[in-house]
>>> print(open('structure.txt').read())   # compact mmCIF, C-alpha atoms and all ligand atoms
# COMPACT_ATOMS: atom_id res chain seq x y z
CA MET A 1 -0.70 267.88 -50.29
CA SER A 2 1.73 270.70 -49.46
CA ARG A 3 1.19 270.33 -45.69
CA ARG A 4 2.87 266.93 -45.77
CA ARG A 5 6.58 266.57 -45.28
CA LYS A 6 8.39 266.41 -48.58
CA ILE A 7 10.96 263.61 -48.61
CA TYR A 8 12.37 263.94 -52.12
CA GLU A 9 11.68 265.75 -55.38
CA GLY A 10 12.72 264.00 -58.57
CA LYS A 11 12.36 264.98 -62.21
CA ALA A 12 8.82 263.65 -62.67
CA LYS A 13 7.58 262.92 -59.14
CA ILE A 14 7.58 264.26 -55.59
CA LEU A 15 7.63 261.91 -52.60
CA TYR A 16 5.85 262.89 -49.38
CA GLU A 17 5.72 261.14 -46.03
CA GLY A 18 2.73 258.77 -45.97
CA PRO A 19 -0.06 258.64 -43.36
CA GLU A 20 1.36 255.53 -41.66
CA PRO A 21 4.93 254.45 -40.96
CA GLY A 22 6.40 252.59 -43.91
CA THR A 23 4.25 254.40 -46.46
CA ILE A 24 5.04 257.14 -48.97
CA ILE A 25 2.86 259.31 -51.19
CA GLN A 26 4.00 259.59 -54.82
CA TYR A 27 2.86 262.82 -56.49
CA PHE A 28 3.07 262.75 -60.32
CA LYS A 29 4.14 266.02 -61.96
CA ASP A 30 3.61 267.16 -65.56
CA ASP A 31 7.33 267.99 -65.81
CA ALA A 32 9.22 266.10 -68.49
CA THR A 33 12.98 265.82 -68.87
CA ALA A 34 15.23 263.96 -71.27
CA PHE A 35 18.93 263.33 -71.76
CA ASN A 36 19.60 263.55 -68.04
CA ALA A 37 17.56 266.75 -67.67
CA GLN A 38 19.41 268.66 -70.39
CA LYS A 39 16.02 269.01 -72.11
CA LYS A 40 13.13 270.23 -69.95
CA GLY A 41 9.45 270.82 -70.59
CA THR A 42 5.94 269.97 -69.51
CA ILE A 43 3.41 267.58 -70.96
CA ASN A 44 -0.04 268.80 -69.87
CA GLY A 45 -1.91 266.17 -67.89
CA LYS A 46 1.00 263.68 -68.00
CA GLY A 47 1.06 263.29 -64.21
CA VAL A 48 -2.64 262.40 -64.09
CA ILE A 49 -2.23 259.80 -66.85
CA ASN A 50 0.97 258.28 -65.46
CA ASN A 51 -0.66 257.95 -62.02
CA ARG A 52 -3.55 255.99 -63.60
CA VAL A 53 -1.40 253.92 -65.97
CA SER A 54 1.05 252.98 -63.22
CA GLU A 55 -1.84 252.06 -60.89
CA HIS A 56 -3.32 249.86 -63.61
CA VAL A 57 -0.10 248.09 -64.59
CA MET A 58 1.08 247.54 -60.99
CA THR A 59 -2.36 246.21 -60.01
CA GLN A 60 -2.36 243.77 -62.94
CA LEU A 61 1.19 242.68 -62.08
CA GLY A 62 0.07 242.13 -58.48
CA HIS A 63 -2.63 239.77 -59.79
CA ILE A 64 0.02 237.51 -61.37
CA GLY A 65 2.07 237.47 -58.16
CA ILE A 66 4.64 240.19 -58.82
CA PRO A 67 5.33 241.99 -55.51
CA THR A 68 5.03 245.78 -56.00
CA HIS A 69 5.18 248.86 -53.79
CA PHE A 70 1.73 250.04 -54.96
CA ILE A 71 -0.96 250.22 -52.24
CA ARG A 72 -3.72 252.43 -53.69
CA ARG A 73 -4.37 255.55 -55.73
CA LEU A 74 -5.39 258.47 -53.54
CA ASN A 75 -6.49 261.07 -56.10
CA MET A 76 -5.77 262.33 -59.62
CA ARG A 77 -2.05 262.86 -59.04
CA GLU A 78 -1.17 260.85 -55.94
CA GLN A 79 -0.79 257.23 -54.97
CA LEU A 80 0.11 255.55 -51.70
CA VAL A 81 3.07 253.17 -51.91
CA ARG A 82 5.23 251.15 -49.56
CA GLN A 83 8.44 252.77 -48.46
CA VAL A 84 11.41 250.82 -49.79
CA GLU A 85 15.14 251.26 -49.99
CA ILE A 86 15.67 251.82 -53.70
CA VAL A 87 18.30 249.55 -55.27
CA PRO A 88 20.55 252.04 -57.13
CA ILE A 89 20.16 250.26 -60.46
CA GLU A 90 17.91 251.04 -63.43
CA VAL A 91 16.91 247.82 -65.15
CA ILE A 92 16.32 248.26 -68.89
CA VAL A 93 14.35 245.50 -70.61
CA ARG A 94 14.54 245.40 -74.41
CA ASN A 95 12.59 243.41 -77.00
CA VAL A 96 13.38 245.53 -80.07
CA ALA A 97 16.48 247.65 -80.75
CA ALA A 98 15.91 251.38 -80.17
CA GLY A 99 17.34 254.43 -78.43
CA SER A 100 20.72 254.16 -76.75
CA LEU A 101 21.18 250.49 -77.76
CA SER A 102 20.81 251.38 -81.46
CA LYS A 103 23.16 254.32 -81.07
CA ARG A 104 25.79 252.45 -79.05
CA LEU A 105 25.96 249.32 -81.21
CA GLY A 106 24.82 250.65 -84.60
CA ILE A 107 21.74 248.42 -84.75
CA GLU A 108 18.89 249.91 -86.75
CA GLU A 109 15.92 251.02 -84.65
CA GLY A 110 13.07 248.55 -84.97
CA THR A 111 15.27 245.45 -85.35
CA PRO A 112 13.69 242.69 -83.24
CA LEU A 113 16.16 241.21 -80.75
CA PRO A 114 16.65 237.41 -80.84
CA HIS A 115 15.81 237.31 -77.16
CA THR A 116 14.92 239.75 -74.40
CA LEU A 117 17.94 241.79 -73.38
CA LEU A 118 18.44 243.05 -69.82
CA GLU A 119 20.75 246.01 -69.27
CA TYR A 120 21.70 247.74 -66.03
CA CYS A 121 22.51 251.39 -65.37
CA TYR A 122 23.91 252.83 -62.15
CA LYS A 123 21.37 255.31 -60.75
CA ASP A 124 23.41 258.48 -60.39
CA ASP A 125 22.23 261.69 -62.08
CA ALA A 126 25.61 263.40 -61.65
CA LEU A 127 27.22 260.56 -63.65
CA GLY A 128 24.35 260.42 -66.18
CA ASP A 129 23.17 256.92 -65.10
CA PRO A 130 26.04 255.01 -66.78
CA LEU A 131 25.58 251.54 -68.27
CA ILE A 132 27.17 248.92 -66.01
CA ALA A 133 27.78 245.15 -66.03
CA GLU A 134 26.57 242.71 -63.36
CA GLU A 135 30.24 242.49 -62.32
CA HIS A 136 30.14 246.17 -61.28
CA ILE A 137 27.00 245.53 -59.24
CA ALA A 138 28.74 242.69 -57.37
CA CYS A 139 32.08 244.52 -57.10
CA PHE A 140 30.57 247.64 -55.51
CA ASN A 141 27.93 245.70 -53.59
CA TRP A 142 24.97 247.64 -55.05
CA ALA A 143 22.91 244.44 -54.86
CA SER A 144 23.66 240.86 -53.77
CA ASP A 145 23.75 237.92 -56.21
CA GLU A 146 20.52 236.64 -54.69
CA GLU A 147 18.86 240.05 -55.14
CA MET A 148 20.04 240.17 -58.78
CA ARG A 149 18.51 236.74 -59.39
CA ASP A 150 15.20 238.03 -57.99
CA ILE A 151 15.45 241.28 -59.98
CA SER A 152 16.23 239.62 -63.32
CA GLY A 153 13.57 236.93 -62.80
CA LEU A 154 10.94 239.55 -61.96
CA ALA A 155 11.99 241.76 -64.90
CA ILE A 156 11.49 238.86 -67.35
CA ARG A 157 8.08 237.98 -65.87
CA ILE A 158 7.03 241.63 -65.97
CA ASN A 159 8.14 241.86 -69.61
CA ASP A 160 6.19 238.71 -70.57
CA PHE A 161 3.04 240.04 -68.96
CA MET A 162 3.34 243.60 -70.24
CA SER A 163 4.23 242.52 -73.80
CA GLY A 164 0.99 240.54 -73.92
CA MET A 165 -1.04 243.27 -72.27
CA PHE A 166 0.13 245.88 -74.79
CA ALA A 167 -0.08 243.54 -77.79
CA GLY A 168 -3.74 243.04 -76.89
CA ILE A 169 -4.36 246.76 -77.43
CA GLY A 170 -2.33 247.05 -80.63
CA ILE A 171 0.89 248.32 -79.03
CA LYS A 172 4.39 246.88 -79.33
CA LEU A 173 6.40 247.01 -76.09
CA VAL A 174 9.82 247.91 -77.49
CA ASP A 175 11.68 248.53 -74.23
CA PHE A 176 11.16 249.89 -70.73
CA LYS A 177 12.90 250.79 -67.48
CA LEU A 178 12.21 249.28 -64.04
CA GLU A 179 13.35 250.13 -60.54
CA PHE A 180 13.28 247.80 -57.58
CA GLY A 181 13.43 248.35 -53.85
CA ARG A 182 14.16 246.46 -50.67
CA LEU A 183 11.21 246.03 -48.34
CA TRP A 184 12.66 245.58 -44.89
CA ASP A 185 11.12 243.37 -42.19
CA GLY A 186 13.46 243.42 -39.19
CA ASP A 187 16.85 242.19 -40.37
CA TYR A 188 15.47 240.73 -43.59
CA SER A 189 14.56 242.39 -46.84
CA ARG A 190 12.90 241.25 -50.02
CA ILE A 191 12.90 242.74 -53.49
CA ILE A 192 9.73 244.39 -54.79
CA LEU A 193 8.92 246.47 -57.88
CA ALA A 194 9.01 250.24 -57.15
CA ASP A 195 8.86 253.61 -58.94
CA GLU A 196 6.32 253.76 -61.82
CA ILE A 197 5.43 252.07 -65.08
CA SER A 198 4.15 254.63 -67.60
CA PRO A 199 4.81 255.99 -71.11
CA ASP A 200 7.64 258.05 -69.51
CA GLY A 201 9.76 254.94 -69.05
CA CYS A 202 8.57 252.68 -71.88
CA ARG A 203 8.88 252.72 -75.66
CA LEU A 204 5.44 251.92 -77.03
CA TRP A 205 4.85 251.72 -80.79
CA ASP A 206 1.47 251.38 -82.47
CA ILE A 207 1.64 247.92 -84.09
CA GLU A 208 -0.10 248.99 -87.30
CA THR A 209 1.44 252.37 -88.01
CA GLY A 210 4.66 252.27 -85.98
CA GLU A 211 3.62 255.62 -84.45
CA LYS A 212 5.44 256.36 -81.18
CA LEU A 213 3.10 256.54 -78.17
CA ASP A 214 5.64 257.44 -75.47
CA LYS A 215 8.16 260.02 -74.24
CA ASP A 216 10.21 259.76 -77.44
CA ARG A 217 7.65 262.24 -78.87
CA PHE A 218 9.05 264.76 -76.37
CA ARG A 219 12.69 263.60 -76.53
CA ARG A 220 12.73 263.83 -80.34
CA ASP A 221 10.48 266.90 -80.76
CA LEU A 222 7.84 264.92 -82.64
CA GLY A 223 4.92 266.82 -81.07
CA GLY A 224 1.61 265.23 -80.06
CA GLU A 225 2.91 263.99 -76.71
CA VAL A 226 -0.33 264.75 -74.82
CA GLU A 227 -2.34 262.83 -77.43
CA ALA A 228 0.13 259.91 -77.30
CA TYR A 229 -0.15 259.51 -73.51
CA GLN A 230 -3.95 259.84 -73.76
CA GLU A 231 -4.05 257.20 -76.49
CA VAL A 232 -2.22 254.68 -74.28
CA ALA A 233 -4.55 255.40 -71.34
CA ARG A 234 -7.61 255.19 -73.59
CA ARG A 235 -6.58 251.84 -75.07
CA LEU A 236 -5.95 250.49 -71.57
CA GLY A 237 -9.56 251.48 -70.80
CA LEU A 238 -8.54 254.22 -68.35
CA LEU A 239 -9.98 257.16 -70.30
CA PRO A 240 -13.41 257.42 -71.92
CA GLU A 241 -13.47 256.65 -75.64
CA GLU A 242 -13.71 259.78 -77.75
CA GLY A 243 -14.28 260.51 -81.38
CA GLY A 244 -11.23 261.11 -83.54
CA ASN A 245 -8.14 259.07 -84.15
CA THR A 246 -5.18 260.38 -82.19
CA VAL A 247 -2.69 258.07 -83.96
CA LEU A 248 -3.75 259.64 -87.25
CA ASP A 249 -3.61 263.11 -85.67
CA MET A 250 -0.04 262.39 -84.57
CA ALA A 251 0.93 261.19 -88.05
CA LYS A 252 -0.48 264.46 -89.43
CA HIS A 253 1.49 266.39 -86.84
CA ARG A 254 4.67 264.58 -87.85
CA LYS A 255 4.09 265.35 -91.55
CA LYS A 256 3.53 269.02 -90.71
CA THR A 257 6.75 269.28 -88.69
CA GLN A 258 8.75 267.44 -91.36
CA ASN A 259 7.60 269.82 -94.14
P1 LIG B 1 17.48 254.23 -73.73
O1 LIG B 1 17.33 253.62 -75.09
O2 LIG B 1 17.57 255.74 -73.77
O3 LIG B 1 18.59 253.62 -72.95
O4 LIG B 1 16.12 253.92 -72.94
C1 LIG B 1 15.66 252.61 -72.78
C2 LIG B 1 14.30 252.63 -72.09
O5 LIG B 1 14.41 253.05 -70.75
C3 LIG B 1 13.30 253.61 -72.74
O6 LIG B 1 12.02 252.98 -72.74
C4 LIG B 1 13.27 254.80 -71.84
C5 LIG B 1 13.65 254.24 -70.49
N1 LIG B 1 14.47 255.16 -69.73
C6 LIG B 1 13.97 255.76 -68.58
O7 LIG B 1 12.83 255.53 -68.22
N2 LIG B 1 14.77 256.60 -67.87
C7 LIG B 1 16.03 256.88 -68.24
O8 LIG B 1 16.72 257.64 -67.55
C8 LIG B 1 16.54 256.27 -69.44
C9 LIG B 1 17.93 256.56 -69.91
C10 LIG B 1 15.73 255.43 -70.12
>>> encode(input="structure.txt", output="structure tokens")
Amino acid sequence: MSRRRKIYEGKAKILYEGPEPGTIIQYFKDDATAFNAQKKGTINGKGVINNRVSEHVMTQLGHIGIPTHFIRRLNMREQLVRQVEIVPIEVIVRNVAAGSLSKRLGIEEGTPLPHTLLEYCYKDDALGDPLIAEEHIACFNWASDEEMRDISGLAIRINDFMSGMFAGIGIKLVDFKLEFGRLWDGDYSRIILADEISPDGCRLWDIETGEKLDKDRFRRDLGGEVEAYQEVARRLGLLPEEGGNTVLDMAKHRKKTQN
């Protein structure tokens, strides 16, 4: 792993040069950050789980015709992906009000939205990934109108598929973040799904108990983040079933920290 040329180190992943031209190796770290890296920590085993969850979701999306950068998982923490030019926009897909939307507009967390809401943020850590309008994207040429049509169409299809996938395992897909890239072929490029899909970038609530099964456990100091990530992987069939009920364990944890 360390003999390969490092291309980029982000907050949760490291990118290495891949074995063939046009490929990249994504290494998933256990590091967790929130609020634009003002809060830092580690979630033990997170990288291993996110590697598996992202492999699973991207593979399933591939089966319904969504183009993704995923090629194959290499080992516990690494996957081979296509090299793309990342579009500098974070696409946030929301089904239920939560997080920054609730804060910004004063809408109570948990309020279902009348229809799926797409938001865009400009990918710039120094600026704190500010919320932007499609007009900014066109004005500063971050993506063409045609690319934005592809991106929004793909985001809605991904949301439809993932909402059903999670509902089938008793999880409500509240919101999530996507990144897209340009796959170049000579002078032409097409938009494909990039980055990762994991509990780091999704809000996932247990349908029955409302328990949070995602990075909000870390962001909000709820505890039980390792168990939450494991629970998602287990329900997706990616971890062996074990005795015990981690959702209940997390509820106990929450009670303890509230008292
Ligand atoms: P937000 O409510 O904080 O804007 O987050 C919306 C969704 O996007 C949530 O599922 C977390 C995810 N997200 C990221 O993955 N990375 C980020 O940098 C931010 C701000 C949000």
>>> closest_residue(input="structure.txt", among="A:Gly62, A:Gly153, A:Gly45, A:Gly110", to="Glu227 in chain A", atoms="only C-alpha atoms")
A:Gly45
>>> residues_around(input="structure.txt", residues="Gly41 in chain A", least_positions_apart="2", cutoff="8 Å", atoms="all atoms listed in the file", output="PyMOL selection string")
chain A and resi 31-33+39+43
>>> residues_near_ligand(input="structure.txt", ligand="ligand LIG 1 (chain B)", cutoff="7 Å", atoms="all atoms listed in the file", output="list in words")
Asn36, Ile92, Ala98, Gly99, Ser100, Leu101, Asp129, Asp175, Phe176, Lys177, Asp200, Gly201, Cys202 and Arg203 of chain A
>>> closest_residue(input="structure.txt", among="A:Ser189, A:Ala12, A:Gln79, A:Arg4", to="Lys46 in chain A", atoms="all atoms listed in the file")
A:Ala12
>>> closest_residue(input="structure.txt", among="A:Asp30, A:Glu196, A:Asp160, A:Asp185", to="Val57 in chain A", atoms="all atoms listed in the file")
A:Glu196
>>> closest_residue(input="structure.txt", among="A:Val81, A:Leu118, A:Leu61, A:Ile89", to="Gln26 in chain A", atoms="only C-alpha atoms")
A:Val81
>>> closest_residue(input="structure.txt", among="A:Lys212, A:Arg217, A:His56, A:Arg190", to="Gly237 in chain A", atoms="all atoms listed in the file")
A:His56
>>> closest_residue(input="structure.txt", among="A:Val53, A:Leu80, A:Arg149, A:Gly210", to="Leu239 in chain A", atoms="all atoms listed in the file")
A:Val53
>>> atom_distance(input="structure.txt", atom1="CA of Asp221 in chain A", atom2="CA of Asp206 in chain A")
18.0 Å
>>> atom_distance(input="structure.txt", atom1="CA of Leu193 in chain A", atom2="CA of Met58 in chain A")
8.5 Å
>>> residues_around(input="structure.txt", residues="Ala143 in chain A", least_positions_apart="4", cutoff="10 Å", atoms="all atoms listed in the file", output="PyMOL selection string")
chain A and resi 87-89+134+136-139+147-149+151+182
>>> atom_distance(input="structure.txt", atom1="CA of Met165 in chain A", atom2="CA of Glu85 in chain A")
28.7 Å
>>> residues_around(input="structure.txt", residues="Tyr8 in chain A", least_positions_apart="2", cutoff="12 Å", atoms="only C-alpha atoms", output="list in words")
Arg4, Arg5, Lys6, Gly10, Lys11, Ala12, Lys13, Ile14, Leu15, Tyr16, Glu17, Ile24, Ile25, Gln26 and Tyr27 of chain A
>>> residues_around(input="structure.txt", residues="Phe161 in chain A", least_positions_apart="2", cutoff="12 Å", atoms="all atoms listed in the file", output="list in words")
Val57, Met58, Gln60, Leu61, Gly62, His63, Ile64, Gly65, Ile66, Leu154, Ala155, Ile156, Arg157, Ile158, Asn159, Ser163, Gly164, Met165, Phe166, Ala167, Gly168 and Leu173 of chain A
